[in-house]
Amino acid sequence: MPELFIGGAWIAASEGGTREIRCPADGSLVATVDEAGPKDAAAAIAAAREAFDHGPWPRTPAAERGALLLRTADLLERDQEDFARAESLDTGKRIVESRYDMADIANCFRYFGNLVAAGGGDRVVDTGDPGVDSRVVHEPVGVCALITPWNYPLLQTAWKVAPALGAGNTFVLKPSELTPHTAIMLMRLLTEAGLPPGAANLVLGAGATAGAPLTEDPRVDLVSFTGGLVTGRRIMAAAAPTVKKVALELGGKNPNIVFSDADFEAAVDHALMAVFLHSGQVCSAGARLLVQDDLHDAFVDAIVEQARRIPLGGPFDDDARTGPLISAAHRDKIEAYVAAGVAEGAVVRCGGGRPEQPELQQGFYYLPTVLDDCNAGMSVIRDESFGPVLTVERFHDEDEAVALANSTVYGLAGAVWTGDTDRGHRVASRVRAGTMWINDFHPYVPQAEWGGMKQSGFGRELGPAGLAEYQEAKHVWRRL
Ligand code: NAD
């Protein structure tokens, strides 16, 4: 069956391109899918434009749009096991993690469904003039290009699709070329939920051929992108000539700051989970451990002792606690990154190479790695590795911890561990990041905004601001 979804029809790539999708855990062939080129991207944009300008979806009352999102949430729950399996085969992620993601994805649709049905932010303005009726209403932005990465394929897609549709937009979705399956499945569910043809369109394929045309075309009004910093810069530049609205969710190099008065066990457990979850392929991974001088030795010893024992395995291996990297190319990148760190003086305390077990040789595995004696001048501290690599820096006091935390160009997330609540809040407010956890790591809820400061991007997903990204606020003033 063809896999591009354009104007409500499933079609094959016009130039006949295909791509093999292989499971990162063992290299097995998952499927061969259509690979769109610029002509297909243009056709998808035309369909979304037509649906926005003349179709029913942007003119559907907010309550009905909200209801469709709620129906989609129910369908996602009905099919959650199929989705979780597809996600795990594409990404190599453990099935338990994919199941967690599915629950979050349904919640995301439900949250935006309720928010939209509740009015989507429209309000009456008190002008002080009794002869005037003044209102701010919210309209959709138009045709949205939604471009997503491979690490949380459907979750990142849900964070865009739910508010985009909820606000009444039409869209063209371009998922990562490495992980297309759950996007295909989502198109089927949206159709089953009753979305009219042309409101949702899907092109699969590489960034340069299927993604770039979406960022340049004058018929597209908004680009919402989640991915790497370098791609983000390119997309911002491509969108500039037609002044598209742009939202960028980029990388992170997130500090996990541990003071000596922290709860030791909890801080160790969370520091491990923060960086080794999904093999570190998480934008908010706690990849930089900042630990107070007098705690350093005991804390790092405890981390290393446990990191050495983390079992690796494929998506359906119940004993595995972390899995493979997404591709051979990505593993090469991690290897180069660790080598550069060592050349600059970092000390490998554990990992630093590939596992030796014969059953893991067909997959793209890399051992959980801890690099000690790092400092802010090193490339391992400045650059996002996006792998299972924890770097360790020491600090003396609060000011130094904050300065180190803020020393990279990124500002996505971070955490502070301390028994002193005032200090926790002080540090949380001084670190320039869109999310800060105090005595925790990684939780989020759809009600609260997510996004980056500095070069981690701009714009917000989730929360009321996550809907506002897809709305134009219009002031209507009537003289009575
Ligand atoms: P990537 O930048 O390589 O690709 C992301 C998407 O952009 C893919 O669909 C790709 O095909 C597409 N693309 C590439 N070049 C393009 C171009 N010129 N024009 C249009 N589209 C193009 O990123 P990735 O390797 O897939 O994902 C990993 C990155 O995503 C990491 O840096 C990670 O931190 C980031 N990320 C951020 C968040 C967040 O919430 N801030 C969440 C998840 C991932």
# chains A, B, ... in the order shown; residues from 1 in each chain; ligands from 1
>>> closest_atom_pairs(of="chain A", to="ligand 1", cutoff="6 Å", atoms="only C-alpha atoms and all ligand atoms", output="Markdown table")
| residue | atom | partner | partner_atom_place_in_ligand_line | distance |
| --- | --- | --- | --- | --- |
| A:Ile147 | CA | ligand 1 | 9 (O) | 5.2 |
| A:Thr148 | CA | ligand 1 | 9 (O) | 4.7 |
| A:Pro149 | CA | ligand 1 | 26 (O) | 3.5 |
| A:Trp150 | CA | ligand 1 | 26 (O) | 4.8 |
| A:Lys174 | CA | ligand 1 | 9 (O) | 5.8 |
| A:Pro175 | CA | ligand 1 | 9 (O) | 4.6 |
| A:Ser176 | CA | ligand 1 | 9 (O) | 3.4 |
| A:Glu177 | CA | ligand 1 | 11 (O) | 5.6 |
| A:Ala206 | CA | ligand 1 | 11 (O) | 4.7 |
| A:Gly207 | CA | ligand 1 | 13 (N) | 3.4 |
| A:Ala208 | CA | ligand 1 | 18 (N) | 4.9 |
| A:Gly211 | CA | ligand 1 | 20 (C) | 3.7 |
| A:Ala212 | CA | ligand 1 | 19 (N) | 3.5 |
| A:Thr226 | CA | ligand 1 | 37 (C) | 5.2 |
| A:Gly227 | CA | ligand 1 | 30 (O) | 3.0 |
| A:Gly228 | CA | ligand 1 | 32 (O) | 3.4 |
| A:Thr231 | CA | ligand 1 | 2 (O) | 4.6 |
| A:Arg234 | CA | ligand 1 | 18 (N) | 6.0 |
| A:Ile235 | CA | ligand 1 | 19 (N) | 5.6 |
| A:Glu249 | CA | ligand 1 | 41 (N) | 3.7 |
| A:Leu250 | CA | ligand 1 | 41 (N) | 4.2 |
| A:Gly251 | CA | ligand 1 | 34 (O) | 3.1 |
| A:Gly252 | CA | ligand 1 | 34 (O) | 5.4 |
| A:Cys283 | CA | ligand 1 | 34 (O) | 3.6 |
| A:Gly451 | CA | ligand 1 | 41 (N) | 5.9 |
>>> write_last_selection(atoms="N, CA and C atoms", output="mmCIF file, in the first residue's frame")
data_model
loop_
_atom_site.group_PDB
_atom_site.id
_atom_site.type_symbol
_atom_site.label_atom_id
_atom_site.label_comp_id
_atom_site.auth_asym_id
_atom_site.auth_seq_id
_atom_site.Cartn_x
_atom_site.Cartn_y
_atom_site.Cartn_z
ATOM 1 N N ILE A 147 7.597 19.225 11.123
ATOM 2 C CA ILE A 147 8.785 18.417 10.803
ATOM 3 C C ILE A 147 9.344 17.848 12.107
ATOM 4 N N THR A 148 9.475 16.522 12.161
ATOM 5 C CA THR A 148 9.751 15.861 13.453
ATOM 6 C C THR A 148 10.970 14.927 13.382
ATOM 7 N N PRO A 149 11.560 14.631 14.541
ATOM 8 C CA PRO A 149 12.769 13.795 14.606
ATOM 9 C C PRO A 149 12.437 12.329 14.874
ATOM 10 N N TRP A 150 13.482 11.518 15.035
ATOM 11 C CA TRP A 150 13.313 10.067 15.155
ATOM 12 C C TRP A 150 13.306 9.571 16.591
ATOM 13 N N LYS A 174 6.042 15.922 8.036
ATOM 14 C CA LYS A 174 7.211 15.221 7.486
ATOM 15 C C LYS A 174 7.971 14.626 8.670
ATOM 16 N N PRO A 175 7.716 13.334 8.951
ATOM 17 C CA PRO A 175 8.448 12.700 10.054
ATOM 18 C C PRO A 175 9.879 12.385 9.629
ATOM 19 N N SER A 176 10.691 11.985 10.588
ATOM 20 C CA SER A 176 12.052 11.570 10.239
ATOM 21 C C SER A 176 12.001 10.411 9.250
ATOM 22 N N GLU A 177 12.894 10.451 8.288
ATOM 23 C CA GLU A 177 12.968 9.379 7.290
ATOM 24 C C GLU A 177 13.304 8.032 7.925
ATOM 25 N N ALA A 206 13.616 12.198 2.952
ATOM 26 C CA ALA A 206 14.780 12.873 3.528
ATOM 27 C C ALA A 206 14.515 14.365 3.723
ATOM 28 N N GLY A 207 15.293 14.949 4.636
ATOM 29 C CA GLY A 207 15.125 16.369 4.932
ATOM 30 C C GLY A 207 15.334 17.241 3.710
ATOM 31 N N ALA A 208 16.378 16.956 2.954
ATOM 32 C CA ALA A 208 16.730 17.847 1.841
ATOM 33 C C ALA A 208 15.683 17.807 0.733
ATOM 34 N N GLY A 211 11.628 17.565 3.091
ATOM 35 C CA GLY A 211 11.424 18.556 4.159
ATOM 36 C C GLY A 211 11.671 19.979 3.706
ATOM 37 N N ALA A 212 12.808 20.202 3.035
ATOM 38 C CA ALA A 212 13.183 21.574 2.670
ATOM 39 C C ALA A 212 12.106 22.292 1.854
ATOM 40 N N THR A 226 11.049 20.179 15.135
ATOM 41 C CA THR A 226 11.796 19.615 16.256
ATOM 42 C C THR A 226 12.941 18.798 15.673
ATOM 43 N N GLY A 227 14.144 19.128 16.117
ATOM 44 C CA GLY A 227 15.305 18.410 15.605
ATOM 45 C C GLY A 227 16.577 19.084 16.065
ATOM 46 N N GLY A 228 17.637 18.905 15.305
ATOM 47 C CA GLY A 228 18.944 19.382 15.717
ATOM 48 C C GLY A 228 19.155 20.872 15.452
ATOM 49 N N THR A 231 20.104 21.900 11.734
ATOM 50 C CA THR A 231 18.924 21.889 10.857
ATOM 51 C C THR A 231 18.015 23.067 11.200
ATOM 52 N N ARG A 234 19.101 26.175 9.569
ATOM 53 C CA ARG A 234 18.827 26.108 8.134
ATOM 54 C C ARG A 234 17.346 26.419 7.862
ATOM 55 N N ILE A 235 16.482 25.855 8.691
ATOM 56 C CA ILE A 235 15.039 26.029 8.489
ATOM 57 C C ILE A 235 14.630 27.476 8.731
ATOM 58 N N GLU A 249 12.165 23.599 18.182
ATOM 59 C CA GLU A 249 12.472 22.811 19.388
ATOM 60 C C GLU A 249 13.763 22.076 19.088
ATOM 61 N N LEU A 250 14.861 22.594 19.597
ATOM 62 C CA LEU A 250 16.166 22.065 19.182
ATOM 63 C C LEU A 250 16.809 21.246 20.301
ATOM 64 N N GLY A 251 18.088 21.109 20.232
ATOM 65 C CA GLY A 251 18.771 20.202 21.146
ATOM 66 C C GLY A 251 18.956 20.765 22.537
ATOM 67 N N GLY A 252 19.640 19.970 23.364
ATOM 68 C CA GLY A 252 19.926 20.401 24.722
ATOM 69 C C GLY A 252 21.251 19.815 25.183
ATOM 70 N N CYS A 283 16.079 14.733 24.044
ATOM 71 C CA CYS A 283 16.537 16.126 23.969
ATOM 72 C C CYS A 283 16.809 16.697 25.350
ATOM 73 N N GLY A 451 9.797 23.887 26.045
ATOM 74 C CA GLY A 451 10.525 24.551 24.962
ATOM 75 C C GLY A 451 11.849 25.081 25.454
#
>>> residues_around(residues="Gly387 in chain A", least_positions_apart="3", cutoff="10 Å", atoms="only C-alpha atoms", output="PDB file with N, CA and C atoms, in the first residue's frame")
ATOM      1  N   VAL A 275      20.232  10.196  31.979  1.00  0.00           N
ATOM      2  CA  VAL A 275      21.094  10.162  30.789  1.00  0.00           C
ATOM      3  C   VAL A 275      21.010   8.851  30.012  1.00  0.00           C
ATOM      4  N   PHE A 276      20.665   7.752  30.666  1.00  0.00           N
ATOM      5  CA  PHE A 276      20.696   6.474  29.929  1.00  0.00           C
ATOM      6  C   PHE A 276      19.329   6.041  29.396  1.00  0.00           C
ATOM      7  N   LEU A 277      18.253   6.727  29.794  1.00  0.00           N
ATOM      8  CA  LEU A 277      16.943   6.433  29.211  1.00  0.00           C
ATOM      9  C   LEU A 277      17.047   6.565  27.688  1.00  0.00           C
ATOM     10  N   HIS A 278      16.506   5.568  26.958  1.00  0.00           N
ATOM     11  CA  HIS A 278      16.529   5.584  25.494  1.00  0.00           C
ATOM     12  C   HIS A 278      17.954   5.862  24.968  1.00  0.00           C
ATOM     13  N   SER A 279      18.938   5.294  25.685  1.00  0.00           N
ATOM     14  CA  SER A 279      20.358   5.436  25.299  1.00  0.00           C
ATOM     15  C   SER A 279      20.779   6.889  25.143  1.00  0.00           C
ATOM     16  N   GLY A 280      20.182   7.755  25.936  1.00  0.00           N
ATOM     17  CA  GLY A 280      20.599   9.167  25.898  1.00  0.00           C
ATOM     18  C   GLY A 280      20.065   9.930  24.703  1.00  0.00           C
ATOM     19  N   GLN A 281      19.215   9.287  23.915  1.00  0.00           N
ATOM     20  CA  GLN A 281      18.694   9.952  22.713  1.00  0.00           C
ATOM     21  C   GLN A 281      17.413  10.717  23.067  1.00  0.00           C
ATOM     22  N   VAL A 282      17.564  11.603  24.017  1.00  0.00           N
ATOM     23  CA  VAL A 282      16.439  12.370  24.551  1.00  0.00           C
ATOM     24  C   VAL A 282      16.902  13.823  24.595  1.00  0.00           C
ATOM     25  N   ALA A 285      17.891  14.962  27.952  1.00  0.00           N
ATOM     26  CA  ALA A 285      18.754  14.047  28.714  1.00  0.00           C
ATOM     27  C   ALA A 285      19.665  14.830  29.662  1.00  0.00           C
ATOM     28  N   ALA A 287      22.714  15.020  30.450  1.00  0.00           N
ATOM     29  CA  ALA A 287      24.007  14.537  29.949  1.00  0.00           C
ATOM     30  C   ALA A 287      25.189  15.128  30.711  1.00  0.00           C
ATOM     31  N   PRO A 324      19.587   0.186  21.699  1.00  0.00           N
ATOM     32  CA  PRO A 324      20.601   0.603  20.730  1.00  0.00           C
ATOM     33  C   PRO A 324      20.484   2.083  20.375  1.00  0.00           C
ATOM     34  N   LEU A 325      21.477   2.580  19.655  1.00  0.00           N
ATOM     35  CA  LEU A 325      21.388   3.900  19.029  1.00  0.00           C
ATOM     36  C   LEU A 325      20.621   3.744  17.719  1.00  0.00           C
ATOM     37  N   ILE A 326      20.200   4.867  17.167  1.00  0.00           N
ATOM     38  CA  ILE A 326      19.285   4.809  16.020  1.00  0.00           C
ATOM     39  C   ILE A 326      19.942   4.269  14.757  1.00  0.00           C
ATOM     40  N   HIS A 330      24.992   7.306  13.624  1.00  0.00           N
ATOM     41  CA  HIS A 330      24.872   7.992  14.910  1.00  0.00           C
ATOM     42  C   HIS A 330      25.880   7.409  15.906  1.00  0.00           C
ATOM     43  N   ARG A 331      26.070   6.095  15.876  1.00  0.00           N
ATOM     44  CA  ARG A 331      27.070   5.505  16.775  1.00  0.00           C
ATOM     45  C   ARG A 331      28.465   6.019  16.428  1.00  0.00           C
ATOM     46  N   LYS A 333      29.160   8.871  15.356  1.00  0.00           N
ATOM     47  CA  LYS A 333      29.231  10.233  15.894  1.00  0.00           C
ATOM     48  C   LYS A 333      29.553  10.209  17.397  1.00  0.00           C
ATOM     49  N   ILE A 334      28.904   9.290  18.106  1.00  0.00           N
ATOM     50  CA  ILE A 334      29.147   9.185  19.558  1.00  0.00           C
ATOM     51  C   ILE A 334      30.599   8.764  19.812  1.00  0.00           C
ATOM     52  N   GLU A 335      31.080   7.842  18.989  1.00  0.00           N
ATOM     53  CA  GLU A 335      32.469   7.378  19.179  1.00  0.00           C
ATOM     54  C   GLU A 335      33.455   8.524  18.965  1.00  0.00           C
ATOM     55  N   TYR A 337      32.833  11.634  19.353  1.00  0.00           N
ATOM     56  CA  TYR A 337      32.613  12.600  20.438  1.00  0.00           C
ATOM     57  C   TYR A 337      33.380  12.170  21.698  1.00  0.00           C
ATOM     58  N   TYR A 366      25.995   0.930  22.086  1.00  0.00           N
ATOM     59  CA  TYR A 366      27.158   1.607  22.664  1.00  0.00           C
ATOM     60  C   TYR A 366      26.998   1.538  24.175  1.00  0.00           C
ATOM     61  N   LEU A 367      28.073   1.239  24.883  1.00  0.00           N
ATOM     62  CA  LEU A 367      27.969   1.024  26.335  1.00  0.00           C
ATOM     63  C   LEU A 367      27.674   2.318  27.082  1.00  0.00           C
ATOM     64  N   PRO A 368      26.865   2.244  28.154  1.00  0.00           N
ATOM     65  CA  PRO A 368      26.693   3.408  29.022  1.00  0.00           C
ATOM     66  C   PRO A 368      28.077   3.884  29.495  1.00  0.00           C
ATOM     67  N   THR A 369      28.327   5.161  29.278  1.00  0.00           N
ATOM     68  CA  THR A 369      29.683   5.699  29.434  1.00  0.00           C
ATOM     69  C   THR A 369      29.687   6.870  30.409  1.00  0.00           C
ATOM     70  N   GLU A 384      26.032  18.716  21.868  1.00  0.00           N
ATOM     71  CA  GLU A 384      25.081  17.661  22.221  1.00  0.00           C
ATOM     72  C   GLU A 384      25.596  16.336  21.666  1.00  0.00           C
ATOM     73  N   LEU A 390      27.638  10.259  29.884  1.00  0.00           N
ATOM     74  CA  LEU A 390      27.486  11.218  30.987  1.00  0.00           C
ATOM     75  C   LEU A 390      28.836  11.885  31.243  1.00  0.00           C
TER      76      LEU A 390
END
>>> closest_residue(among="A:Ala240, A:Val300, A:Leu467, A:Cys108", to="Glu77 in chain A", atoms="only C-alpha atoms")
A:Cys108
>>> select_by_dssp(residues="range 8-150 of chain A", states="strand (DSSP E)", output="ChimeraX atom specification")
/A:9-11,18-22,29-34,123-125,132-140,143-147
>>> write_last_selection(atoms="N, CA and C atoms", output="PDB file, in the first residue's frame")
ATOM      1  N   ALA A   9      -5.980  10.862   0.112  1.00  0.00           N
ATOM      2  CA  ALA A   9      -5.728   9.621  -0.637  1.00  0.00           C
ATOM      3  C   ALA A   9      -4.316   9.118  -0.335  1.00  0.00           C
ATOM      4  N   TRP A  10      -4.179   7.786  -0.355  1.00  0.00           N
ATOM      5  CA  TRP A  10      -2.859   7.176  -0.190  1.00  0.00           C
ATOM      6  C   TRP A  10      -2.237   7.056  -1.562  1.00  0.00           C
ATOM      7  N   ILE A  11      -1.078   7.651  -1.747  1.00  0.00           N
ATOM      8  CA  ILE A  11      -0.454   7.605  -3.070  1.00  0.00           C
ATOM      9  C   ILE A  11       1.019   7.205  -2.950  1.00  0.00           C
ATOM     10  N   THR A  18      11.981   4.884  -2.910  1.00  0.00           N
ATOM     11  CA  THR A  18      11.627   4.081  -1.731  1.00  0.00           C
ATOM     12  C   THR A  18      12.817   4.096  -0.765  1.00  0.00           C
ATOM     13  N   ARG A  19      12.542   3.726   0.473  1.00  0.00           N
ATOM     14  CA  ARG A  19      13.598   3.635   1.484  1.00  0.00           C
ATOM     15  C   ARG A  19      13.352   2.401   2.349  1.00  0.00           C
ATOM     16  N   GLU A  20      14.422   1.705   2.679  1.00  0.00           N
ATOM     17  CA  GLU A  20      14.313   0.556   3.584  1.00  0.00           C
ATOM     18  C   GLU A  20      14.389   1.058   5.023  1.00  0.00           C
ATOM     19  N   ILE A  21      13.448   0.637   5.842  1.00  0.00           N
ATOM     20  CA  ILE A  21      13.486   0.971   7.270  1.00  0.00           C
ATOM     21  C   ILE A  21      13.998  -0.276   7.996  1.00  0.00           C
ATOM     22  N   ARG A  22      15.074  -0.121   8.750  1.00  0.00           N
ATOM     23  CA  ARG A  22      15.681  -1.256   9.458  1.00  0.00           C
ATOM     24  C   ARG A  22      15.651  -1.031  10.953  1.00  0.00           C
ATOM     25  N   LEU A  29      15.027  -5.915   8.397  1.00  0.00           N
ATOM     26  CA  LEU A  29      14.184  -5.045   7.564  1.00  0.00           C
ATOM     27  C   LEU A  29      12.783  -4.963   8.160  1.00  0.00           C
ATOM     28  N   VAL A  30      12.348  -3.747   8.474  1.00  0.00           N
ATOM     29  CA  VAL A  30      10.994  -3.559   9.011  1.00  0.00           C
ATOM     30  C   VAL A  30      10.019  -3.406   7.847  1.00  0.00           C
ATOM     31  N   ALA A  31      10.393  -2.593   6.871  1.00  0.00           N
ATOM     32  CA  ALA A  31       9.525  -2.366   5.711  1.00  0.00           C
ATOM     33  C   ALA A  31      10.283  -1.508   4.709  1.00  0.00           C
ATOM     34  N   THR A  32       9.757  -1.488   3.488  1.00  0.00           N
ATOM     35  CA  THR A  32      10.246  -0.538   2.485  1.00  0.00           C
ATOM     36  C   THR A  32       9.127   0.457   2.243  1.00  0.00           C
ATOM     37  N   VAL A  33       9.420   1.740   2.401  1.00  0.00           N
ATOM     38  CA  VAL A  33       8.346   2.747   2.307  1.00  0.00           C
ATOM     39  C   VAL A  33       8.642   3.743   1.194  1.00  0.00           C
ATOM     40  N   ASP A  34       7.580   4.442   0.786  1.00  0.00           N
ATOM     41  CA  ASP A  34       7.729   5.473  -0.246  1.00  0.00           C
ATOM     42  C   ASP A  34       8.587   6.623   0.255  1.00  0.00           C
ATOM     43  N   ARG A 123     -11.651  36.125  24.140  1.00  0.00           N
ATOM     44  CA  ARG A 123     -12.087  36.883  25.322  1.00  0.00           C
ATOM     45  C   ARG A 123     -12.673  38.225  24.935  1.00  0.00           C
ATOM     46  N   VAL A 124     -13.509  38.738  25.838  1.00  0.00           N
ATOM     47  CA  VAL A 124     -14.061  40.085  25.694  1.00  0.00           C
ATOM     48  C   VAL A 124     -13.101  41.035  26.402  1.00  0.00           C
ATOM     49  N   VAL A 125     -12.835  42.191  25.760  1.00  0.00           N
ATOM     50  CA  VAL A 125     -11.883  43.149  26.335  1.00  0.00           C
ATOM     51  C   VAL A 125     -12.666  44.298  26.966  1.00  0.00           C
ATOM     52  N   VAL A 132     -18.612  50.500  23.051  1.00  0.00           N
ATOM     53  CA  VAL A 132     -17.764  49.632  22.218  1.00  0.00           C
ATOM     54  C   VAL A 132     -17.894  48.174  22.654  1.00  0.00           C
ATOM     55  N   ASP A 133     -17.976  47.293  21.662  1.00  0.00           N
ATOM     56  CA  ASP A 133     -17.840  45.855  21.944  1.00  0.00           C
ATOM     57  C   ASP A 133     -16.489  45.435  21.369  1.00  0.00           C
ATOM     58  N   SER A 134     -15.585  45.028  22.257  1.00  0.00           N
ATOM     59  CA  SER A 134     -14.222  44.698  21.825  1.00  0.00           C
ATOM     60  C   SER A 134     -13.911  43.256  22.217  1.00  0.00           C
ATOM     61  N   ARG A 135     -13.421  42.487  21.257  1.00  0.00           N
ATOM     62  CA  ARG A 135     -13.130  41.074  21.518  1.00  0.00           C
ATOM     63  C   ARG A 135     -11.819  40.662  20.870  1.00  0.00           C
ATOM     64  N   VAL A 136     -11.146  39.747  21.520  1.00  0.00           N
ATOM     65  CA  VAL A 136     -10.002  39.084  20.881  1.00  0.00           C
ATOM     66  C   VAL A 136     -10.441  37.661  20.559  1.00  0.00           C
ATOM     67  N   VAL A 137     -10.377  37.347  19.262  1.00  0.00           N
ATOM     68  CA  VAL A 137     -10.740  35.995  18.847  1.00  0.00           C
ATOM     69  C   VAL A 137      -9.493  35.313  18.271  1.00  0.00           C
ATOM     70  N   HIS A 138      -9.537  34.008  18.219  1.00  0.00           N
ATOM     71  CA  HIS A 138      -8.368  33.275  17.743  1.00  0.00           C
ATOM     72  C   HIS A 138      -8.699  32.511  16.478  1.00  0.00           C
ATOM     73  N   GLU A 139      -7.870  32.738  15.468  1.00  0.00           N
ATOM     74  CA  GLU A 139      -8.063  32.087  14.174  1.00  0.00           C
ATOM     75  C   GLU A 139      -6.856  31.205  13.875  1.00  0.00           C
ATOM     76  N   PRO A 140      -7.043  30.214  13.018  1.00  0.00           N
ATOM     77  CA  PRO A 140      -5.883  29.381  12.668  1.00  0.00           C
ATOM     78  C   PRO A 140      -4.864  30.178  11.847  1.00  0.00           C
ATOM     79  N   VAL A 143      -1.653  27.011   6.684  1.00  0.00           N
ATOM     80  CA  VAL A 143      -1.036  25.723   6.353  1.00  0.00           C
ATOM     81  C   VAL A 143       0.257  25.579   7.174  1.00  0.00           C
ATOM     82  N   CYS A 144       0.348  24.496   7.924  1.00  0.00           N
ATOM     83  CA  CYS A 144       1.509  24.293   8.798  1.00  0.00           C
ATOM     84  C   CYS A 144       2.373  23.155   8.261  1.00  0.00           C
ATOM     85  N   ALA A 145       3.667  23.382   8.243  1.00  0.00           N
ATOM     86  CA  ALA A 145       4.620  22.297   7.971  1.00  0.00           C
ATOM     87  C   ALA A 145       5.109  21.802   9.324  1.00  0.00           C
ATOM     88  N   LEU A 146       4.926  20.527   9.583  1.00  0.00           N
ATOM     89  CA  LEU A 146       5.304  19.936  10.875  1.00  0.00           C
ATOM     90  C   LEU A 146       6.426  18.939  10.608  1.00  0.00           C
ATOM     91  N   ILE A 147       7.597  19.225  11.123  1.00  0.00           N
ATOM     92  CA  ILE A 147       8.785  18.417  10.803  1.00  0.00           C
ATOM     93  C   ILE A 147       9.344  17.848  12.107  1.00  0.00           C
TER      94      ILE A 147
END
>>> residues_around(residues="Val243 in chain A", least_positions_apart="5", cutoff="12 Å", atoms="only C-alpha atoms", output="list in words")
Thr215, Glu216, Asp217, Pro218, Arg219, Val220, Asp221, Leu222, Val223, Ile235, Met236, Ala237 and Ala238 of chain A
>>> write_last_selection(atoms="C-alpha atoms", output="JSON list (two decimals), in the first residue's frame")
[["chain", "number", "residue", "atom", "x", "y", "z"],
["A", 215, "THR", "CA", 10.12, 25.39, 4.59],
["A", 216, "GLU", "CA", 10.51, 27.43, 1.39],
["A", 217, "ASP", "CA", 7.08, 27.29, -0.25],
["A", 218, "PRO", "CA", 5.08, 30.55, -0.06],
["A", 219, "ARG", "CA", 1.83, 28.57, 0.41],
["A", 220, "VAL", "CA", 3.03, 27.41, 3.84],
["A", 221, "ASP", "CA", 2.32, 29.85, 6.70],
["A", 222, "LEU", "CA", 4.07, 28.21, 9.64],
["A", 223, "VAL", "CA", 6.90, 25.75, 10.22],
["A", 235, "ILE", "CA", 15.04, 26.03, 8.49],
["A", 236, "MET", "CA", 14.90, 29.48, 10.04],
["A", 237, "ALA", "CA", 16.90, 30.86, 7.12],
["A", 238, "ALA", "CA", 14.74, 29.01, 4.54]]
>>> atom_distance(atom1="CA of Asn169 in chain A", atom2="CA of Ala193 in chain A")
16.4 Å
>>> residues_around(residues="Leu272 in chain A", least_positions_apart="4", cutoff="12 Å", atoms="only C-alpha atoms", output="VMD selection string")
chain A and resid 256 265 to 268 276 to 280 285 to 289 299 to 300 302 to 310 321 to 322 368 to 370 388 to 391 440 to 442
>>> residues_around(residues="Ser379 in chain A", least_positions_apart="6", cutoff="12 Å", atoms="only C-alpha atoms", output="short mmCIF file (atom, residue, chain, number, x, y, z; two decimals) with N, CA and C atoms, in the first residue's frame")
data_model
loop_
_atom_site.label_atom_id
_atom_site.label_comp_id
_atom_site.auth_asym_id
_atom_site.auth_seq_id
_atom_site.Cartn_x
_atom_site.Cartn_y
_atom_site.Cartn_z
N LYS A 253 21.80 20.42 26.21
CA LYS A 253 23.01 19.89 26.85
C LYS A 253 22.77 20.13 28.33
N ALA A 336 33.19 9.34 17.96
CA ALA A 336 34.08 10.47 17.68
C ALA A 336 34.02 11.49 18.82
N TYR A 337 32.83 11.63 19.35
CA TYR A 337 32.61 12.60 20.44
C TYR A 337 33.38 12.17 21.70
N VAL A 338 33.30 10.89 22.02
CA VAL A 338 34.02 10.39 23.21
C VAL A 338 35.53 10.48 22.97
N ALA A 339 35.96 10.14 21.77
CA ALA A 339 37.40 10.21 21.46
C ALA A 339 37.90 11.65 21.61
N ALA A 340 37.11 12.61 21.16
CA ALA A 340 37.51 14.02 21.27
C ALA A 340 37.61 14.41 22.75
N GLY A 341 36.66 13.93 23.55
CA GLY A 341 36.67 14.24 24.98
C GLY A 341 37.93 13.70 25.64
N VAL A 342 38.26 12.46 25.31
CA VAL A 342 39.45 11.84 25.90
C VAL A 342 40.70 12.60 25.47
N ALA A 343 40.75 12.99 24.19
CA ALA A 343 41.91 13.74 23.69
C ALA A 343 42.05 15.08 24.43
N GLU A 344 40.92 15.62 24.89
CA GLU A 344 40.96 16.91 25.60
C GLU A 344 41.16 16.74 27.11
N GLY A 345 41.27 15.49 27.58
CA GLY A 345 41.61 15.28 28.98
C GLY A 345 40.54 14.61 29.83
N ALA A 346 39.40 14.27 29.24
CA ALA A 346 38.37 13.57 30.02
C ALA A 346 38.84 12.14 30.32
N SER A 385 25.67 15.28 22.51
CA SER A 385 26.12 14.00 21.97
C SER A 385 24.93 13.18 21.52
N THR A 391 28.87 13.20 31.19
CA THR A 391 30.10 13.93 31.52
C THR A 391 29.98 14.46 32.94
N SER A 407 26.81 27.54 30.80
CA SER A 407 28.00 27.80 29.97
C SER A 407 27.87 27.32 28.52
N THR A 408 26.79 26.63 28.16
CA THR A 408 26.67 26.19 26.76
C THR A 408 25.66 27.09 26.03
#
>>> atom_distance(atom1="CA of Ala51 in chain A", atom2="CA of Gln156 in chain A")
23.7 Å
>>> atom_distance(atom1="CA of Lys454 in chain A", atom2="CA of Ala468 in chain A")
20.5 Å
>>> closest_residue(among="A:Gly314, A:Gly166, A:Pro38, A:Gly17", to="Pro58 in chain A", atoms="only C-alpha atoms")
A:Gly166
>>> select_by_dssp(residues="range 142-188 of chain A", states="helix (DSSP H, G or I)", output="ChimeraX atom specification")
/A:153-166,181-188
>>> residues_around(residues="range 92-96 of chain A", least_positions_apart="4", cutoff="9 Å", atoms="only C-alpha atoms", output="list in words")
Cys23, Pro24, Ala25, Asp26, Ala84, Arg85, Glu87, Ser88, Tyr100, Asp101, Asn151, His278, Ser279, Gly313, Gly314, Pro315, Phe316, Asp317, Asp318, Ala320, Arg321, Thr322, Gly323, Pro324, Leu325, Ile326 and Gly363 of chain A
>>> closest_residue(among="A:Asp90, A:Leu190, A:Gly7, A:Glu461", to="Ala47 in chain A", atoms="only C-alpha atoms")
A:Gly7
>>> decode(residues="range 160-164 of chain A", atoms="C-alpha atoms", output="compact mmCIF listing (two decimals), in the first residue's frame")
# COMPACT_ATOMS: atom_id res chain seq x y z
CA LYS A 160 2.28 19.50 16.94
CA VAL A 161 -0.66 17.75 15.26
CA ALA A 162 -3.08 18.05 18.21
CA PRO A 163 -2.77 21.85 18.70
CA ALA A 164 -2.44 22.52 14.95
